[in-house]
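Text of protein-v8.pdb, listed as PDB, C-alpha atoms:
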MODEL        1
ATOM      1  CA  MET A   1     -79.491  11.388 -22.399
ATOM      2  CA  THR A   2     -80.002   7.784 -23.475
ATOM      3  CA  ILE A   3     -77.571   5.710 -25.517
ATOM      4  CA  HIS A   4     -79.045   3.200 -27.970
ATOM      5  CA  HIS A   5     -76.413   0.559 -28.744
ATOM      6  CA  ILE A   6     -77.560  -1.224 -31.902
ATOM      7  CA  VAL A   7     -76.095  -4.519 -33.101
ATOM      8  CA  LEU A   8     -77.086  -6.258 -36.336
ATOM      9  CA  TYR A   9     -75.634  -9.603 -37.319
ATOM     10  CA  LYS A  10     -75.858 -12.345 -39.907
ATOM     11  CA  PHE A  11     -75.419 -15.989 -39.046
ATOM     12  CA  LYS A  12     -73.126 -18.209 -41.079
ATOM     13  CA  SER A  13     -75.089 -20.512 -43.404
ATOM     14  CA  GLU A  14     -74.073 -23.663 -41.522
ATOM     15  CA  VAL A  15     -75.334 -22.434 -38.144
ATOM     16  CA  THR A  16     -78.064 -24.672 -36.744
ATOM     17  CA  PRO A  17     -81.336 -23.457 -35.224
ATOM     18  CA  GLU A  18     -80.038 -24.625 -31.825
ATOM     19  CA  GLN A  19     -76.894 -22.512 -32.193
ATOM     20  CA  LYS A  20     -78.981 -19.494 -33.196
ATOM     21  CA  GLN A  21     -81.110 -19.986 -30.104
ATOM     22  CA  SER A  22     -77.968 -20.184 -27.986
ATOM     23  CA  VAL A  23     -76.930 -16.729 -29.227
ATOM     24  CA  ARG A  24     -80.426 -15.364 -28.560
ATOM     25  CA  ASP A  25     -80.445 -16.820 -25.060
ATOM     26  CA  SER A  26     -76.973 -15.424 -24.353
ATOM     27  CA  VAL A  27     -77.906 -11.902 -25.396
ATOM     28  CA  SER A  28     -81.207 -11.977 -23.509
ATOM     29  CA  ALA A  29     -79.393 -13.035 -20.326
ATOM     30  CA  LEU A  30     -77.114  -9.995 -20.411
ATOM     31  CA  GLN A  31     -79.661  -7.690 -18.808
ATOM     32  CA  SER A  32     -79.730  -9.786 -15.632
ATOM     33  CA  GLN A  33     -75.925 -10.052 -15.615
ATOM     34  CA  ILE A  34     -74.917  -6.458 -16.376
ATOM     35  CA  PRO A  35     -76.544  -3.788 -14.203
ATOM     36  CA  ALA A  36     -75.560  -1.005 -16.628
ATOM     37  CA  ILE A  37     -78.125  -2.229 -19.205
ATOM     38  CA  GLN A  38     -81.481  -0.448 -18.841
ATOM     39  CA  SER A  39     -83.267  -2.651 -21.375
ATOM     40  CA  ILE A  40     -82.760  -4.980 -24.313
ATOM     41  CA  ILE A  41     -84.875  -5.504 -27.417
ATOM     42  CA  THR A  42     -83.869  -8.432 -29.596
ATOM     43  CA  GLY A  43     -85.398 -10.254 -32.535
ATOM     44  CA  GLU A  44     -85.204 -11.627 -36.012
ATOM     45  CA  THR A  45     -85.341  -9.414 -39.073
ATOM     46  CA  VAL A  46     -88.910  -9.188 -40.322
ATOM     47  CA  TYR A  47     -88.443  -7.231 -43.541
ATOM     48  CA  ASN A  48     -86.141  -4.556 -44.757
ATOM     49  CA  ARG A  49     -85.384  -4.316 -48.435
ATOM     50  CA  LEU A  50     -82.165  -2.531 -47.491
ATOM     51  CA  GLY A  51     -81.380  -4.991 -44.697
ATOM     52  CA  HIS A  52     -78.155  -6.176 -46.316
ATOM     53  CA  GLY A  53     -78.776  -9.763 -45.227
ATOM     54  CA  PHE A  54     -78.740  -9.232 -41.469
ATOM     55  CA  ASP A  55     -80.683 -11.982 -39.685
ATOM     56  CA  GLU A  56     -81.057 -10.572 -36.192
ATOM     57  CA  GLY A  57     -80.808  -7.359 -34.292
ATOM     58  CA  VAL A  58     -80.382  -6.185 -30.721
ATOM     59  CA  ILE A  59     -80.978  -2.752 -29.235
ATOM     60  CA  PHE A  60     -79.504  -2.050 -25.813
ATOM     61  CA  LEU A  61     -80.444   1.064 -23.862
ATOM     62  CA  PHE A  62     -77.988   2.714 -21.483
ATOM     63  CA  GLU A  63     -78.430   5.745 -19.249
ATOM     64  CA  ASN A  64     -75.236   7.354 -20.554
ATOM     65  CA  GLU A  65     -71.916   6.680 -22.239
ATOM     66  CA  ALA A  66     -70.274   5.670 -18.950
ATOM     67  CA  LYS A  67     -72.837   2.862 -18.557
ATOM     68  CA  LEU A  68     -72.190   1.766 -22.154
ATOM     69  CA  ASN A  69     -68.489   1.591 -21.374
ATOM     70  CA  GLU A  70     -69.219  -0.506 -18.259
ATOM     71  CA  TYR A  71     -71.113  -2.938 -20.492
ATOM     72  CA  ARG A  72     -68.359  -3.098 -23.084
ATOM     73  CA  SER A  73     -65.758  -4.239 -20.556
ATOM     74  CA  HIS A  74     -68.030  -6.515 -18.509
ATOM     75  CA  LYS A  75     -67.081 -10.202 -18.443
ATOM     76  CA  ALA A  76     -70.627 -11.293 -19.376
ATOM     77  CA  HIS A  77     -70.442  -9.152 -22.540
ATOM     78  CA  ILE A  78     -67.063 -10.595 -23.452
ATOM     79  CA  ASP A  79     -68.409 -14.126 -22.855
ATOM     80  CA  TYR A  80     -71.420 -13.359 -25.091
ATOM     81  CA  GLN A  81     -69.085 -12.190 -27.849
ATOM     82  CA  GLU A  82     -67.206 -15.493 -27.590
ATOM     83  CA  VAL A  83     -70.482 -17.391 -28.119
ATOM     84  CA  ALA A  84     -71.688 -15.246 -31.028
ATOM     85  CA  LYS A  85     -68.492 -14.458 -32.927
ATOM     86  CA  PRO A  86     -67.761 -17.909 -34.405
ATOM     87  CA  LEU A  87     -71.393 -18.242 -35.545
ATOM     88  CA  THR A  88     -71.699 -14.920 -37.369
ATOM     89  CA  GLU A  89     -70.193 -13.545 -40.552
ATOM     90  CA  GLY A  90     -71.613 -10.081 -40.740
ATOM     91  CA  LEU A  91     -71.809  -7.529 -37.972
ATOM     92  CA  LEU A  92     -72.845  -3.890 -37.786
ATOM     93  CA  ILE A  93     -72.633  -1.949 -34.529
ATOM     94  CA  PHE A  94     -73.466   1.688 -33.914
ATOM     95  CA  ASP A  95     -74.556   3.928 -31.067
ATOM     96  CA  ILE A  96     -77.145   6.684 -31.062
ATOM     97  CA  GLU A  97     -77.484   9.331 -28.380
ATOM     98  CA  SER A  98     -80.988  10.624 -27.751
ATOM     99  CA  SER A  99     -82.525  12.987 -25.261
ATOM    100  CA  ALA A 100     -85.566  10.711 -24.784
TER
ENDMDL
END

Would you give me this structure, written as structure tokens?
Amino acid sequence: MTIHHIVLYKFKSEVTPEQKQSVRDSVSALQSQIPAIQSIITGETVYNRLGHGFDEGVIFLFENEAKLNEYRSHKAHIDYQEVAKPLTEGLLIFDIESSA
């Protein structure tokens, strides 16, 4: 079983390109800081007519729900949230369990 932890977010209008890059760098660094993460895919929204204004997305893969829970409580994840939270105004998070 694999858990896909999907996070979509929208930056506040006043956020600078440098601040956006800081969030991207912070999320990309999580894989080297949190052993529970199998992989990370992150990027800007390309096109989705139903995208609801989300600017960026991240997909984390975890071996199982226990590994996801390790990630959720890890200090590096909490630190990342502290970087991203004041710069974003919209957030959507959901988890999908797959057998692949």

Explicit residue set for the PyMOL selection byres ((chain A and resi 20-28) around 8), as a list of chain:residue names: A:Phe11, A:Val15, A:Thr16, A:Pro17, A:Glu18, A:Gln19, A:Ala29, A:Leu30, A:Gln31, A:Ile40, A:Thr42, A:Tyr80, A:Val83, A:Ala84

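Note that CA of His4 in chain A and CA of Ile59 in chain A are 6.4 Å apart.
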
Using 3 Å of padding on each side, determine the axis-aligned box around all atoms of range 5-12 of chain A present in the file and give its centre and edge lengths in Å to one decimal, as lines of an AutoDock Vina configuration file.
center_x = -75.3
center_y = -8.8
center_z = -34.9
size_x = 10.4
size_y = 24.8
size_z = 18.3

List, as a tab-separated table (two decimals) with C-alpha atoms, keeping the file's coordinate frame, every residue that the PyMOL selection byres ((chain A and resi 63) around 10) selects in the file provided.
chain	number	residue	atom	x	y	z
A	1	MET	CA	-79.49	11.39	-22.40
A	2	THR	CA	-80.00	7.78	-23.48
A	3	ILE	CA	-77.57	5.71	-25.52
A	4	HIS	CA	-79.04	3.20	-27.97
A	36	ALA	CA	-75.56	-1.00	-16.63
A	37	ILE	CA	-78.12	-2.23	-19.20
A	38	GLN	CA	-81.48	-0.45	-18.84
A	39	SER	CA	-83.27	-2.65	-21.38
A	61	LEU	CA	-80.44	1.06	-23.86
A	62	PHE	CA	-77.99	2.71	-21.48
A	64	ASN	CA	-75.24	7.35	-20.55
A	65	GLU	CA	-71.92	6.68	-22.24
A	66	ALA	CA	-70.27	5.67	-18.95
A	67	LYS	CA	-72.84	2.86	-18.56
A	68	LEU	CA	-72.19	1.77	-22.15
A	97	GLU	CA	-77.48	9.33	-28.38

With a cut-off of 7 Å, could you pull out the residues of range 18-99 of chain A touching range 5-8 of chain A and give me the nearest pair of atoms for each, distance in Å to one decimal, using only C-alpha atoms, ordered by chain and ascending number, as a tab-separated table?
residue	atom	partner	partner_atom	distance
A:Phe54	CA	A:Leu8	CA	6.2
A:Glu56	CA	A:Leu8	CA	5.9
A:Gly57	CA	A:Leu8	CA	4.4
A:Val58	CA	A:Val7	CA	5.2
A:Ile59	CA	A:Ile6	CA	4.6
A:Phe60	CA	A:His5	CA	5.0
A:Leu61	CA	A:His5	CA	6.4
A:Leu91	CA	A:Leu8	CA	5.7
A:Leu92	CA	A:Leu8	CA	5.1
A:Ile93	CA	A:Val7	CA	4.5
A:Phe94	CA	A:Ile6	CA	5.4
A:Asp95	CA	A:His5	CA	4.5
A:Ile96	CA	A:His5	CA	6.6

Could you name the residues that touch Glu89 in chain A at 8 Å or less, counting all atoms listed in the file, but leaving out those on the same chain fewer than 5 positions away, as a ChimeraX atom specification? /A:9-12

Those residues with C-alpha atoms, as a CSV table (one decimal), keeping the file's coordinate frame please?
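Output saved as out36.csv:
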chain,number,residue,atom,x,y,z
A,9,TYR,CA,-75.6,-9.6,-37.3
A,10,LYS,CA,-75.9,-12.3,-39.9
A,11,PHE,CA,-75.4,-16.0,-39.0
A,12,LYS,CA,-73.1,-18.2,-41.1

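The spacing separating CA of Gly53 in chain A from CA of Ser98 in chain A amounts to 26.9 Å.
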
So how far away is CA of Gln33 in chain A from CA of His74 in chain A, in Å?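 According to the coordinates, CA of His74 in chain A and CA of Gln33 in chain A are separated by 9.1 Å.
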
Could you pull range 39-72 of chain A out of the block above and give me N, CA, C and O atoms, as a compact mmCIF listing (two decimals), in the first residue's frame?
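Result file follows (decode-v2.txt):
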# COMPACT_ATOMS: atom_id res chain seq x y z
N SER A 39 9.25 9.71 -1.76
CA SER A 39 9.56 10.63 -2.85
C SER A 39 8.65 11.85 -2.78
O SER A 39 7.61 11.83 -2.12
N ILE A 40 9.10 12.89 -3.48
CA ILE A 40 8.35 14.14 -3.55
C ILE A 40 8.31 14.58 -5.01
O ILE A 40 9.33 14.55 -5.70
N ILE A 41 7.13 15.02 -5.44
CA ILE A 41 6.97 15.67 -6.73
C ILE A 41 6.37 17.04 -6.43
O ILE A 41 5.36 17.14 -5.74
N THR A 42 6.99 18.09 -6.93
CA THR A 42 6.49 19.43 -6.66
C THR A 42 6.58 20.28 -7.92
O THR A 42 7.45 20.05 -8.77
N GLY A 43 5.67 21.22 -8.06
CA GLY A 43 5.72 22.10 -9.22
C GLY A 43 4.58 23.08 -9.26
O GLY A 43 3.64 23.03 -8.48
N GLU A 44 4.72 23.99 -10.22
CA GLU A 44 3.69 25.00 -10.44
C GLU A 44 2.54 24.41 -11.23
O GLU A 44 2.73 23.48 -12.02
N THR A 45 1.36 24.99 -11.05
CA THR A 45 0.21 24.60 -11.83
C THR A 45 0.44 24.96 -13.29
O THR A 45 0.86 26.07 -13.59
N VAL A 46 0.21 24.02 -14.18
CA VAL A 46 0.37 24.29 -15.60
C VAL A 46 -0.97 24.75 -16.17
O VAL A 46 -1.09 25.85 -16.68
N TYR A 47 -1.97 23.93 -16.07
CA TYR A 47 -3.32 24.30 -16.51
C TYR A 47 -4.30 23.33 -15.90
O TYR A 47 -4.09 22.12 -15.92
N ASN A 48 -5.35 23.89 -15.39
CA ASN A 48 -6.48 23.10 -14.93
C ASN A 48 -7.65 24.05 -14.83
O ASN A 48 -7.70 24.89 -13.96
N ARG A 49 -8.59 23.91 -15.72
CA ARG A 49 -9.71 24.85 -15.73
C ARG A 49 -10.53 24.77 -14.45
O ARG A 49 -11.26 25.68 -14.11
N LEU A 50 -10.39 23.68 -13.72
CA LEU A 50 -11.06 23.53 -12.43
C LEU A 50 -10.07 23.68 -11.28
O LEU A 50 -10.31 23.21 -10.18
N GLY A 51 -8.95 24.32 -11.52
CA GLY A 51 -7.87 24.41 -10.55
C GLY A 51 -8.15 25.27 -9.34
O GLY A 51 -7.41 25.25 -8.37
N HIS A 52 -9.20 26.06 -9.38
CA HIS A 52 -9.62 26.87 -8.24
C HIS A 52 -8.53 27.82 -7.74
O HIS A 52 -8.47 28.13 -6.56
N GLY A 53 -7.64 28.23 -8.65
CA GLY A 53 -6.66 29.25 -8.32
C GLY A 53 -5.43 28.76 -7.59
O GLY A 53 -4.62 29.57 -7.14
N PHE A 54 -5.24 27.47 -7.44
CA PHE A 54 -4.05 26.97 -6.77
C PHE A 54 -2.83 27.20 -7.66
O PHE A 54 -2.87 26.96 -8.86
N ASP A 55 -1.75 27.68 -7.05
CA ASP A 55 -0.53 28.03 -7.79
C ASP A 55 0.45 26.86 -7.89
O ASP A 55 1.17 26.74 -8.87
N GLU A 56 0.52 26.08 -6.84
CA GLU A 56 1.55 25.04 -6.73
C GLU A 56 0.95 23.78 -6.14
O GLU A 56 -0.09 23.83 -5.47
N GLY A 57 1.65 22.70 -6.36
CA GLY A 57 1.22 21.44 -5.78
C GLY A 57 2.41 20.58 -5.40
O GLY A 57 3.50 20.71 -5.97
N VAL A 58 2.19 19.73 -4.42
CA VAL A 58 3.21 18.79 -3.96
C VAL A 58 2.54 17.43 -3.74
O VAL A 58 1.44 17.36 -3.18
N ILE A 59 3.20 16.39 -4.20
CA ILE A 59 2.74 15.03 -3.94
C ILE A 59 3.87 14.31 -3.22
O ILE A 59 4.99 14.21 -3.73
N PHE A 60 3.56 13.84 -2.02
CA PHE A 60 4.50 13.06 -1.22
C PHE A 60 4.06 11.61 -1.29
O PHE A 60 2.86 11.32 -1.22
N LEU A 61 5.00 10.69 -1.39
CA LEU A 61 4.68 9.27 -1.33
C LEU A 61 5.26 8.68 -0.06
O LEU A 61 6.43 8.95 0.29
N PHE A 62 4.41 7.88 0.62
CA PHE A 62 4.78 7.21 1.86
C PHE A 62 4.45 5.73 1.73
O PHE A 62 3.45 5.37 1.10
N GLU A 63 5.24 4.91 2.37
CA GLU A 63 5.06 3.46 2.32
C GLU A 63 3.73 3.05 2.93
O GLU A 63 3.06 2.12 2.45
N ASN A 64 3.32 3.75 4.00
CA ASN A 64 2.08 3.39 4.69
C ASN A 64 1.64 4.57 5.57
O ASN A 64 2.32 5.59 5.63
N GLU A 65 0.53 4.39 6.23
CA GLU A 65 -0.03 5.46 7.05
C GLU A 65 0.87 5.79 8.25
O GLU A 65 0.97 6.94 8.67
N ALA A 66 1.55 4.80 8.78
CA ALA A 66 2.47 5.05 9.90
C ALA A 66 3.59 5.99 9.47
O ALA A 66 3.98 6.89 10.23
N LYS A 67 4.11 5.82 8.26
CA LYS A 67 5.16 6.71 7.75
C LYS A 67 4.61 8.12 7.53
O LYS A 67 5.29 9.11 7.79
N LEU A 68 3.38 8.22 7.05
CA LEU A 68 2.74 9.53 6.90
C LEU A 68 2.63 10.22 8.25
O LEU A 68 2.92 11.42 8.37
N ASN A 69 2.25 9.48 9.26
CA ASN A 69 2.14 10.06 10.60
C ASN A 69 3.50 10.48 11.16
O ASN A 69 3.59 11.49 11.86
N GLU A 70 4.56 9.74 10.84
CA GLU A 70 5.91 10.16 11.22
C GLU A 70 6.24 11.52 10.61
O GLU A 70 6.80 12.40 11.27
N TYR A 71 5.91 11.66 9.34
CA TYR A 71 6.14 12.93 8.62
C TYR A 71 5.37 14.07 9.26
O TYR A 71 5.91 15.16 9.47
N ARG A 72 4.11 13.83 9.55
CA ARG A 72 3.26 14.89 10.09
C ARG A 72 3.81 15.49 11.39
O ARG A 72 3.67 16.68 11.63
